[in-house]
Each structure stands twice: as structure tokens, then as C-alpha cells.
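> As input, take data00.txt (compact mmCIF, C-alpha atoms and all ligand atoms):
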```txt
# COMPACT_ATOMS: atom_id res chain seq x y z
CA MET M 1 21.19 2.30 11.33
CA LYS M 2 18.81 4.18 9.03
CA ARG M 3 15.46 2.44 8.41
CA TYR M 4 14.26 2.56 4.82
CA ALA M 5 10.55 2.30 4.03
CA LEU M 6 9.18 1.69 0.53
CA ILE M 7 5.59 2.83 0.14
CA THR M 8 3.95 2.08 -3.19
CA GLY M 9 1.44 4.58 -4.52
CA ALA M 10 2.69 7.28 -2.16
CA SER M 11 2.25 10.37 -4.34
CA ARG M 12 -1.35 10.93 -3.29
CA GLY M 13 -4.11 9.84 -0.92
CA ILE M 14 -3.56 7.14 1.67
CA GLY M 15 -0.02 6.31 0.48
CA ARG M 16 1.09 9.93 0.82
CA ALA M 17 -0.32 10.11 4.37
CA ILE M 18 1.50 6.86 5.24
CA ALA M 19 4.77 8.18 3.82
CA ILE M 20 4.46 11.39 5.86
CA GLU M 21 3.70 9.45 9.04
CA LEU M 22 6.54 6.94 8.59
CA ALA M 23 8.94 9.80 7.86
CA LYS M 24 7.89 11.39 11.17
CA ASP M 25 8.69 8.02 12.78
CA GLY M 26 12.25 8.39 11.47
CA CYS M 27 12.12 6.21 8.36
CA SER M 28 13.85 7.34 5.20
CA ILE M 29 11.13 7.10 2.56
CA LEU M 30 11.33 5.50 -0.87
CA LEU M 31 8.31 7.15 -2.43
CA ASN M 32 6.85 5.11 -5.26
CA TYR M 33 4.18 6.28 -7.70
CA LYS M 34 3.25 5.57 -11.29
CA SER M 35 3.22 8.80 -13.29
CA ASN M 36 2.00 11.84 -11.33
CA HIS M 37 5.38 13.54 -10.84
CA ALA M 38 3.88 16.79 -9.56
CA ALA M 39 1.96 15.02 -6.80
CA ALA M 40 5.03 12.95 -5.89
CA GLN M 41 7.20 16.09 -5.67
CA GLU M 42 4.60 17.68 -3.42
CA ALA M 43 4.56 14.59 -1.16
CA LYS M 44 8.37 14.73 -0.97
CA ARG M 45 8.23 18.45 -0.13
CA LEU M 46 5.72 17.81 2.67
CA ILE M 47 7.97 15.12 4.14
CA GLU M 48 11.04 17.34 4.00
CA GLU M 49 9.12 20.25 5.49
CA THR M 50 8.83 18.30 8.74
CA GLY M 51 12.50 17.31 8.71
CA GLY M 52 12.01 13.92 7.03
CA GLU M 53 13.85 12.28 4.13
CA ALA M 54 12.36 10.97 0.90
CA GLU M 55 13.54 9.92 -2.52
CA LEU M 56 11.25 9.40 -5.47
CA MET M 57 11.09 5.93 -6.98
CA PRO M 58 8.60 5.85 -9.85
CA PHE M 59 7.63 2.51 -11.33
CA ASP M 60 4.48 0.66 -12.27
CA VAL M 61 3.88 -2.03 -9.63
CA SER M 62 2.40 -4.31 -12.28
CA GLN M 63 5.67 -4.32 -14.28
CA PRO M 64 8.28 -6.59 -12.65
CA ASP M 65 11.07 -5.42 -14.98
CA ALA M 66 10.48 -1.80 -13.97
CA ILE M 67 10.44 -2.75 -10.27
CA ASN M 68 13.66 -4.71 -10.58
CA ALA M 69 15.39 -1.91 -12.51
CA ALA M 70 14.46 0.67 -9.86
CA LEU M 71 15.41 -1.55 -6.94
CA ASP M 72 18.63 -2.83 -8.55
CA ALA M 73 19.72 0.80 -8.93
CA TRP M 74 18.79 1.56 -5.31
CA PHE M 75 20.60 -1.49 -3.91
CA ALA M 76 23.68 -0.68 -6.01
CA ALA M 77 23.74 2.82 -4.49
CA HIS M 78 23.11 1.45 -0.96
CA PRO M 79 25.27 -1.69 -0.68
CA ASP M 80 25.07 -1.75 3.14
CA ASP M 81 21.35 -1.03 3.48
CA TYR M 82 18.11 -2.92 3.11
CA ILE M 83 14.44 -1.99 3.02
CA ASP M 84 13.01 -2.75 6.46
CA VAL M 85 9.44 -1.53 5.83
CA LEU M 86 7.28 -2.28 2.80
CA VAL M 87 3.77 -0.88 2.47
CA ASN M 88 1.95 -2.33 -0.53
CA ASN M 89 -0.53 0.47 -1.04
CA ALA M 90 -0.71 1.18 -4.79
CA GLY M 91 -4.17 0.41 -6.11
CA ILE M 92 -6.72 1.31 -8.75
CA VAL M 93 -10.43 0.91 -9.28
CA ASP M 94 -12.20 0.55 -12.60
CA ASP M 95 -15.78 -0.22 -11.68
CA GLU M 96 -17.86 -2.24 -14.08
CA ILE M 97 -20.66 -4.75 -13.73
CA MET M 98 -19.57 -8.29 -14.60
CA LEU M 99 -21.88 -8.45 -17.62
CA ALA M 100 -20.01 -5.56 -19.26
CA MET M 101 -16.53 -6.20 -17.90
CA GLU M 102 -13.80 -6.59 -20.52
CA PRO M 103 -11.00 -9.09 -19.84
CA GLU M 104 -8.52 -6.16 -19.97
CA GLN M 105 -10.35 -4.45 -17.10
CA TRP M 106 -10.29 -7.62 -15.02
CA HIS M 107 -6.59 -8.21 -15.64
CA ARG M 108 -5.50 -4.60 -15.10
CA VAL M 109 -7.23 -4.36 -11.71
CA ILE M 110 -5.80 -7.72 -10.62
CA ASP M 111 -2.34 -6.77 -11.96
CA VAL M 112 -2.05 -3.55 -9.98
CA ASN M 113 -3.89 -4.48 -6.78
CA LEU M 114 -2.69 -8.09 -6.39
CA ASN M 115 0.22 -8.94 -8.69
CA GLY M 116 1.91 -5.67 -7.68
CA PHE M 117 1.99 -6.98 -4.11
CA PHE M 118 3.73 -10.16 -5.31
CA TYR M 119 6.32 -8.44 -7.50
CA CYS M 120 7.28 -5.80 -4.90
CA THR M 121 7.28 -8.11 -1.90
CA ARG M 122 9.22 -10.86 -3.68
CA ARG M 123 11.94 -8.35 -4.53
CA VAL M 124 12.14 -6.66 -1.12
CA ILE M 125 11.92 -9.52 1.41
CA GLU M 126 15.39 -10.87 0.68
CA GLY M 127 16.99 -8.04 2.66
CA MET M 128 14.51 -8.51 5.51
CA VAL M 129 15.24 -12.25 5.66
CA VAL M 130 19.01 -11.72 5.71
CA ASN M 131 18.65 -9.08 8.44
CA HIS M 132 16.04 -11.01 10.45
CA HIS M 133 13.73 -8.02 10.68
CA GLY M 134 10.99 -6.42 8.62
CA ARG M 135 7.51 -4.98 8.52
CA ILE M 136 5.12 -5.57 5.63
CA VAL M 137 1.69 -3.93 5.52
CA ASN M 138 -0.74 -4.68 2.71
CA ILE M 139 -3.49 -2.17 2.04
CA SER M 140 -6.55 -4.26 1.26
CA SER M 141 -10.10 -2.88 1.44
CA ILE M 142 -13.49 -3.34 3.03
CA ALA M 143 -14.49 -4.19 -0.56
CA GLY M 144 -12.69 -7.52 -0.10
CA GLN M 145 -14.86 -8.25 2.94
CA VAL M 146 -18.35 -7.15 1.81
CA GLY M 147 -19.81 -7.10 -1.70
CA PHE M 148 -20.07 -3.98 -3.87
CA ALA M 149 -21.67 -4.11 -7.33
CA GLY M 150 -19.16 -3.27 -10.05
CA GLN M 151 -16.13 -4.34 -8.03
CA THR M 152 -15.87 -8.09 -8.65
CA HIS M 153 -12.28 -7.74 -9.89
CA TYR M 154 -11.26 -5.24 -7.20
CA ALA M 155 -12.88 -7.31 -4.43
CA ALA M 156 -11.20 -10.48 -5.70
CA ALA M 157 -7.80 -8.77 -5.58
CA LYS M 158 -8.36 -7.23 -2.14
CA ALA M 159 -9.68 -10.48 -0.63
CA ALA M 160 -6.70 -12.33 -2.12
CA LEU M 161 -4.38 -9.88 -0.36
CA VAL M 162 -5.89 -10.96 2.95
CA GLY M 163 -5.19 -14.62 2.20
CA ALA M 164 -1.69 -13.80 1.03
CA THR M 165 -1.06 -11.77 4.19
CA ARG M 166 -1.95 -14.68 6.43
CA SER M 167 0.23 -17.20 4.56
CA LEU M 168 3.22 -14.90 4.24
CA ALA M 169 2.99 -14.01 7.93
CA VAL M 170 3.34 -17.70 8.82
CA GLU M 171 6.17 -18.17 6.33
CA LEU M 172 8.18 -15.20 7.58
CA ALA M 173 7.45 -15.51 11.31
CA PRO M 174 10.71 -17.38 12.06
CA LYS M 175 12.61 -14.47 10.48
CA ARG M 176 11.01 -11.87 12.78
CA ILE M 177 9.21 -10.28 9.85
CA THR M 178 5.61 -9.26 10.48
CA VAL M 179 2.98 -9.16 7.74
CA ASN M 180 -0.38 -7.51 8.32
CA ALA M 181 -3.27 -6.22 6.24
CA VAL M 182 -5.24 -3.03 6.72
CA THR M 183 -8.76 -2.81 5.31
CA PRO M 184 -9.87 0.82 4.95
CA GLY M 185 -13.56 1.65 4.58
CA THR M 186 -14.40 4.68 2.44
CA ILE M 187 -11.57 7.19 2.76
CA GLY M 188 -11.75 10.70 1.31
CA THR M 189 -9.18 10.47 -1.51
CA GLU M 190 -9.26 10.91 -5.28
CA MET M 191 -10.11 7.20 -5.57
CA ALA M 192 -13.29 7.67 -3.53
CA GLN M 193 -13.98 10.87 -5.48
CA GLN M 194 -14.07 8.89 -8.75
CA GLY M 195 -17.19 7.10 -7.52
CA VAL M 196 -18.81 10.34 -6.38
CA GLU M 197 -18.17 11.91 -9.80
CA LYS M 198 -19.91 8.95 -11.43
CA GLY M 199 -22.93 9.83 -9.29
CA GLU M 200 -22.62 6.78 -7.07
CA GLN M 201 -24.16 6.87 -3.64
CA LEU M 202 -21.98 5.80 -0.73
CA ARG M 203 -22.15 2.05 -0.92
CA ILE M 204 -22.03 1.33 2.76
CA ASP M 205 -23.74 2.72 5.75
CA ILE M 206 -21.04 4.41 7.83
CA PRO M 207 -22.20 4.58 11.46
CA MET M 208 -19.75 7.45 12.10
CA ARG M 209 -21.48 9.45 9.34
CA ARG M 210 -18.33 10.66 7.60
CA LEU M 211 -15.58 9.47 5.30
CA GLY M 212 -12.31 8.38 6.82
CA LYS M 213 -9.22 10.55 6.49
CA PRO M 214 -6.02 9.21 4.91
CA GLU M 215 -4.16 10.04 8.14
CA GLU M 216 -6.49 7.75 10.07
CA VAL M 217 -5.22 4.83 8.00
CA ALA M 218 -1.65 6.11 8.26
CA TYR M 219 -1.70 6.14 12.09
CA LEU M 220 -2.48 2.42 12.12
CA VAL M 221 0.20 1.64 9.53
CA SER M 222 2.70 3.66 11.55
CA PHE M 223 1.93 1.56 14.61
CA LEU M 224 2.16 -1.72 12.67
CA CYS M 225 5.57 -0.68 11.34
CA SER M 226 6.88 0.36 14.77
CA ASN M 227 9.08 -1.63 17.12
CA ARG M 228 6.08 -2.28 19.39
CA THR M 229 4.51 -4.91 17.18
CA ASP M 230 6.94 -7.84 17.16
CA TYR M 231 4.10 -10.22 18.15
CA ILE M 232 1.38 -8.82 15.86
CA SER M 233 1.42 -10.63 12.53
CA GLY M 234 -1.04 -12.19 10.11
CA GLN M 235 -3.76 -9.78 11.25
CA VAL M 236 -6.40 -7.93 9.26
CA ILE M 237 -7.43 -4.62 10.79
CA GLY M 238 -10.19 -2.33 9.55
CA VAL M 239 -10.28 1.48 9.58
CA ASN M 240 -13.89 2.06 8.64
CA GLY M 241 -15.92 4.11 11.14
CA ALA M 242 -17.65 0.96 12.45
CA ALA M 243 -18.95 0.08 8.97
CA LEU M 244 -18.10 -3.59 9.45
P1 LIG N 1 -5.52 7.27 -4.95
O1 LIG N 1 -5.80 8.54 -4.22
O2 LIG N 1 -6.17 7.02 -6.26
O3 LIG N 1 -3.92 7.15 -5.12
C1 LIG N 1 -3.41 6.02 -5.79
C2 LIG N 1 -1.91 5.97 -5.66
O4 LIG N 1 -1.46 4.75 -6.26
C3 LIG N 1 -1.21 7.10 -6.39
O5 LIG N 1 -0.01 7.41 -5.71
C4 LIG N 1 -0.88 6.47 -7.76
O6 LIG N 1 0.26 7.04 -8.43
C5 LIG N 1 -0.55 5.05 -7.30
N1 LIG N 1 -0.67 4.06 -8.37
C6 LIG N 1 -1.75 3.75 -9.11
N2 LIG N 1 -1.45 2.77 -9.99
C7 LIG N 1 -0.14 2.48 -9.79
C8 LIG N 1 0.76 1.58 -10.39
N3 LIG N 1 0.38 0.75 -11.37
N4 LIG N 1 2.04 1.54 -9.94
C9 LIG N 1 2.46 2.37 -8.95
N5 LIG N 1 1.64 3.25 -8.33
C10 LIG N 1 0.36 3.29 -8.76
O7 LIG N 1 -5.86 5.99 -4.05
P2 LIG N 1 -6.14 5.88 -2.47
O8 LIG N 1 -7.58 6.14 -2.24
O9 LIG N 1 -5.12 6.63 -1.72
O10 LIG N 1 -5.93 4.30 -2.27
C11 LIG N 1 -4.72 3.75 -1.77
C12 LIG N 1 -4.94 2.29 -1.47
O11 LIG N 1 -5.99 2.16 -0.52
C13 LIG N 1 -5.36 1.46 -2.68
O12 LIG N 1 -4.78 0.19 -2.62
C14 LIG N 1 -6.86 1.35 -2.51
O13 LIG N 1 -7.36 0.21 -3.15
C15 LIG N 1 -6.97 1.27 -1.01
N6 LIG N 1 -8.28 1.66 -0.50
C16 LIG N 1 -8.78 2.91 -0.72
C17 LIG N 1 -10.03 3.25 -0.20
C18 LIG N 1 -10.65 4.61 -0.40
O14 LIG N 1 -11.83 4.76 -0.06
N7 LIG N 1 -9.93 5.59 -0.88
C19 LIG N 1 -10.77 2.29 0.51
C20 LIG N 1 -10.22 1.03 0.71
C21 LIG N 1 -8.97 0.72 0.20
P3 LIG N 1 0.10 8.29 -9.45
O15 LIG N 1 -0.13 9.49 -8.56
O16 LIG N 1 1.41 8.35 -10.16
O17 LIG N 1 -1.07 7.99 -10.32
```
Just dump the structure as C-alpha cells.


Amino acid sequence: MKRYALITGASRGIGRAIAIELAKDGCSILLNYKSNHAAAQEAKRLIEETGGEAELMPFDVSQPDAINAALDAWFAAHPDDYIDVLVNNAGIVDDEIMLAMEPEQWHRVIDVNLNGFFYCTRRVIEGMVVNHHGRIVNISSIAGQVGFAGQTHYAAAKAALVGATRSLAVELAPKRITVNAVTPGTIGTEMAQQGVEKGEQLRIDIPMRRLGKPEEVAYLVSFLCSNRTDYISGQVIGVNGAAL
């Protein structure tokens, strides 16, 4: 039976690397993104180039109606299938010190990074529960584990993902569904580039003296989604060059 994997925020960066890796593992990829169609098409092309399968599934993870519309259409077209792998990767930053932070900034960052996890997972786990199998990986961040000025909202969302991972892992354990969190350090993507463009110094000392690569996160996610991890659940694993 074909394994379907939904990766949110897979048009670029870490999500794209995860999609490519899971496609190599034999998953058929549902490639979510918000609005960058060109980047999503390129990610799809890269997957197909190596013999993989991907279909584009654009929606905003903070909009439950949009998620439900996209997934309703997919389930209608695939009445005998379910989504066995969910990687909640979509995320944004919008750095601001608390003193200057507008409520809209707080809510937007929480909506995408945390509420998106709830909306997507709530919609997808039904199929996993019925089929007694599933893999959920939540992409948190080192920012949820140590403090960075300007990221109170982002850190709150990423730390909350860790708590949610642990609870959901316990809840879904009897159904043979694993739930784990990955906490990347600073990874060389457009998100990290935003900070560099603002003239920010690297906020943490990285003992390995380099940024991480998206693939280095993807290799771990690939393993967590494999059939070798039935007994690994509720865990939080860093990919950070020994920064924590
Ligand atoms: P990125 O290069 O900025 O890519 C972000 C991806 O998320 C894009 O595919 C984007 O789609 C998608 N996205 C953004 N908002 C969305 C929304 N509302 N709905 C659906 N998709 C949305 O980011 P990244 O660096 O790869 O980060 C990926 C994840 O890793 C995030 O959760 C981030 O917090 C986490 N992380 C990153 C780092 C780092 O240093 N890079 C460190 C720790 C954790 P479009 O292309 O359509 O905009």
C-alpha cells in the first residue's frame, strides 16, 4: 500500500529537504506551502527527478477552513487511502522586542507555528487512528529551549509544540502512532537569512562553527518516519551542532 506523507511548508528550506528525503524513502508526497508556487513547483520537480511522487497542496496552516477544503478534496479523490506521515514544519518568524510587539504580530506567529499544528494534526490523525499506524513529527526550534531577544512569541509557540508532542504521544501510543519533535538550531535557509539581512549576529555559539543544512534535519525526520521507530515516541531531538 502506498504511504502518503503530508509535509507543511515544503516549498522551501527544511520542509523541502524533508519532502525530498521522504520521497526517496518511498512516500508519495503531499507538498503543502502557502503562496510561493514557483518554489513549490521546483520542489516537486526535484522530487520527480529522483523518481519520487509529489502533488502540490497549497493552504495556509493557520486557516482551518482552507485545510479542511484541501483535505476533503484529497480524501474524496483517495477513498481507500490515508495519510500515514504528517510533518508539521510550516513556520514563520517576525522578530520584535516585547515592548514594541503588536498584538497582531503575537497572534500571527502563534497562529502559524502553533495553531497550524493543531488544525493539521486534528484533521489528519483520524485516518492514522482507524489504520492503527502513523508518524507525526513536529518541527520545533532551539528557540523554544533557550531564550532569544525578539522571539517571545516564536519561542512560546515552539516550546508549546514540545509540550503538545509529549501529550499527543501518550494519547496516541495505544494506536501505534508515534509523535516526536525535532528542534533545529540555526539552519541555513531563507528564514535564517532574514535575521542576517537585519544585521543580526548569530544568536548562539555553535561549537561546530557552521550553520546546519536542511538535509541534516531531513535525515532525522526520515528516520523518525521510518518503520524502525515503533518504540520511539514523545521525544524531542535537537539538530544543532552541539549548541545545546
Ligand atoms: P523557510 O525557509 O522560511 O520556509 C518556510 C516554509 O513554510 C515555506 O515553504 C513557506 O511557504 C511555508 N509557510 C510559511 N507560512 C505558512 C503558512 N501560513 N501556511 C503554510 N505554509 C507556510 O523556513 P525554514 O527555515 O525552512 O523553517 C522550517 C521550520 O523549521 C519552521 O517551523 C521553523 O520555525 C523551523 N526552524 C527553522 C530554523 C532555521 O534556522 N531555519 C531553526 C529552528 C527551527 P511559501 O514558500 O509558500 O511561503

> Would you list the contacts of range 216-224 of chain M as a ChimeraX atom specification, taking every protein, DNA or RNA residue within 12 Å and counting all atoms listed in the file, but skipping same-chain residues closer than 6 positions in sequence?

/M:5,7,10,13-27,85-89,134-141,177-189,230-241

> To one decimal in Å, tell me the separation between CA of His132 in chain M and CA of Lys175 in chain M.

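For CA of His132 in chain M relative to CA of Lys175 in chain M, the distance reads 4.9 Å.
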
> As an exercise, work out the distance from CA of Ala157 in chain M to CA of Gln63 in chain M in Å and give it to one decimal place.

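Distance reported for this atom pair: 16.6 Å.
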
> Give me, please, the distance in Å between atom C5 of ligand LIG 1 (chain N) and CA of Leu56 in chain M, quoted to one decimal.

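Computing it gives 12.7 Å between the two atoms.
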
> So which one's closest to ligand LIG 1 (chain N), M:Lys213, M:Lys34, M:Arg166, M:Arg108? Using all atoms listed in the file, please.

M:Lys34

> Pick out the closest residue to ligand LIG 1 (chain N) from this set: M:Ala100, M:Ala149, M:Ala169, M:Ala66. Count only C-alpha atoms and all ligand atoms.

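Once distances to ligand LIG 1 (chain N) are computed over only C-alpha atoms and all ligand atoms, the minimum belongs to M:Ala66.
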
> Would you mind putting N, CA and C atoms back on range 169-198 of chain M and writing the result as an mmCIF file, in the coordinates of the input?


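Printed below is selection.cif as written:
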```cif
data_model
loop_
_atom_site.group_PDB
_atom_site.id
_atom_site.type_symbol
_atom_site.label_atom_id
_atom_site.label_comp_id
_atom_site.auth_asym_id
_atom_site.auth_seq_id
_atom_site.Cartn_x
_atom_site.Cartn_y
_atom_site.Cartn_z
ATOM 1 N N ALA M 169 2.673 -14.254 6.515
ATOM 2 C CA ALA M 169 2.990 -14.010 7.930
ATOM 3 C C ALA M 169 3.526 -15.289 8.586
ATOM 4 N N VAL M 170 2.889 -16.421 8.259
ATOM 5 C CA VAL M 170 3.340 -17.700 8.820
ATOM 6 C C VAL M 170 4.733 -18.038 8.295
ATOM 7 N N GLU M 171 4.891 -17.843 6.986
ATOM 8 C CA GLU M 171 6.170 -18.170 6.330
ATOM 9 C C GLU M 171 7.327 -17.362 6.900
ATOM 10 N N LEU M 172 7.080 -16.091 7.181
ATOM 11 C CA LEU M 172 8.180 -15.200 7.580
ATOM 12 C C LEU M 172 8.312 -15.033 9.099
ATOM 13 N N ALA M 173 7.406 -15.660 9.847
ATOM 14 C CA ALA M 173 7.450 -15.510 11.310
ATOM 15 C C ALA M 173 8.805 -15.908 11.904
ATOM 16 N N PRO M 174 9.416 -17.017 11.455
ATOM 17 C CA PRO M 174 10.710 -17.380 12.060
ATOM 18 C C PRO M 174 11.804 -16.351 11.789
ATOM 19 N N LYS M 175 11.596 -15.496 10.820
ATOM 20 C CA LYS M 175 12.610 -14.470 10.480
ATOM 21 C C LYS M 175 12.322 -13.138 11.157
ATOM 22 N N ARG M 176 11.372 -13.108 12.058
ATOM 23 C CA ARG M 176 11.010 -11.870 12.780
ATOM 24 C C ARG M 176 10.511 -10.781 11.833
ATOM 25 N N ILE M 177 9.827 -11.229 10.788
ATOM 26 C CA ILE M 177 9.210 -10.280 9.850
ATOM 27 C C ILE M 177 7.703 -10.368 10.044
ATOM 28 N N THR M 178 7.062 -9.228 10.312
ATOM 29 C CA THR M 178 5.610 -9.260 10.480
ATOM 30 C C THR M 178 4.926 -8.851 9.179
ATOM 31 N N VAL M 179 3.762 -9.449 8.953
ATOM 32 C CA VAL M 179 2.980 -9.160 7.740
ATOM 33 C C VAL M 179 1.528 -8.971 8.165
ATOM 34 N N ASN M 180 0.994 -7.796 7.932
ATOM 35 C CA ASN M 180 -0.380 -7.510 8.320
ATOM 36 C C ASN M 180 -1.124 -6.836 7.176
ATOM 37 N N ALA M 181 -2.442 -6.908 7.245
ATOM 38 C CA ALA M 181 -3.270 -6.220 6.240
ATOM 39 C C ALA M 181 -4.148 -5.192 6.928
ATOM 40 N N VAL M 182 -4.333 -4.075 6.248
ATOM 41 C CA VAL M 182 -5.240 -3.030 6.720
ATOM 42 C C VAL M 182 -6.370 -2.923 5.711
ATOM 43 N N THR M 183 -7.601 -2.878 6.210
ATOM 44 C CA THR M 183 -8.760 -2.810 5.310
ATOM 45 C C THR M 183 -9.505 -1.484 5.549
ATOM 46 N N PRO M 184 -9.150 -0.444 4.788
ATOM 47 C CA PRO M 184 -9.870 0.820 4.950
ATOM 48 C C PRO M 184 -11.316 0.687 4.469
ATOM 49 N N GLY M 185 -12.193 1.484 5.105
ATOM 50 C CA GLY M 185 -13.560 1.650 4.580
ATOM 51 C C GLY M 185 -13.494 2.712 3.488
ATOM 52 N N THR M 186 -14.438 3.641 3.479
ATOM 53 C CA THR M 186 -14.400 4.680 2.440
ATOM 54 C C THR M 186 -13.611 5.881 2.981
ATOM 55 N N ILE M 187 -12.501 6.161 2.314
ATOM 56 C CA ILE M 187 -11.570 7.190 2.760
ATOM 57 C C ILE M 187 -11.606 8.335 1.730
ATOM 58 N N GLY M 188 -11.598 9.540 2.203
ATOM 59 C CA GLY M 188 -11.750 10.700 1.310
ATOM 60 C C GLY M 188 -10.516 11.001 0.479
ATOM 61 N N THR M 189 -10.319 10.251 -0.596
ATOM 62 C CA THR M 189 -9.180 10.470 -1.510
ATOM 63 C C THR M 189 -9.727 10.610 -2.926
ATOM 64 N N GLU M 190 -8.821 10.807 -3.878
ATOM 65 C CA GLU M 190 -9.260 10.910 -5.280
ATOM 66 C C GLU M 190 -9.927 9.620 -5.741
ATOM 67 N N MET M 191 -9.479 8.468 -5.188
ATOM 68 C CA MET M 191 -10.110 7.200 -5.570
ATOM 69 C C MET M 191 -11.592 7.197 -5.196
ATOM 70 N N ALA M 192 -11.893 7.633 -3.975
ATOM 71 C CA ALA M 192 -13.290 7.670 -3.530
ATOM 72 C C ALA M 192 -14.057 8.708 -4.354
ATOM 73 N N GLN M 193 -13.370 9.796 -4.710
ATOM 74 C CA GLN M 193 -13.980 10.870 -5.480
ATOM 75 C C GLN M 193 -14.440 10.391 -6.852
ATOM 76 N N GLN M 194 -13.695 9.417 -7.430
ATOM 77 C CA GLN M 194 -14.070 8.890 -8.750
ATOM 78 C C GLN M 194 -15.495 8.350 -8.742
ATOM 79 N N GLY M 195 -15.839 7.649 -7.652
ATOM 80 C CA GLY M 195 -17.190 7.100 -7.520
ATOM 81 C C GLY M 195 -18.220 8.199 -7.385
ATOM 82 N N VAL M 196 -17.879 9.222 -6.593
ATOM 83 C CA VAL M 196 -18.810 10.340 -6.380
ATOM 84 C C VAL M 196 -19.083 11.045 -7.708
ATOM 85 N N GLU M 197 -18.010 11.220 -8.507
ATOM 86 C CA GLU M 197 -18.170 11.910 -9.800
ATOM 87 C C GLU M 197 -19.058 11.109 -10.749
ATOM 88 N N LYS M 198 -19.038 9.780 -10.590
ATOM 89 C CA LYS M 198 -19.910 8.950 -11.430
ATOM 90 C C LYS M 198 -21.346 8.966 -10.916
#
```
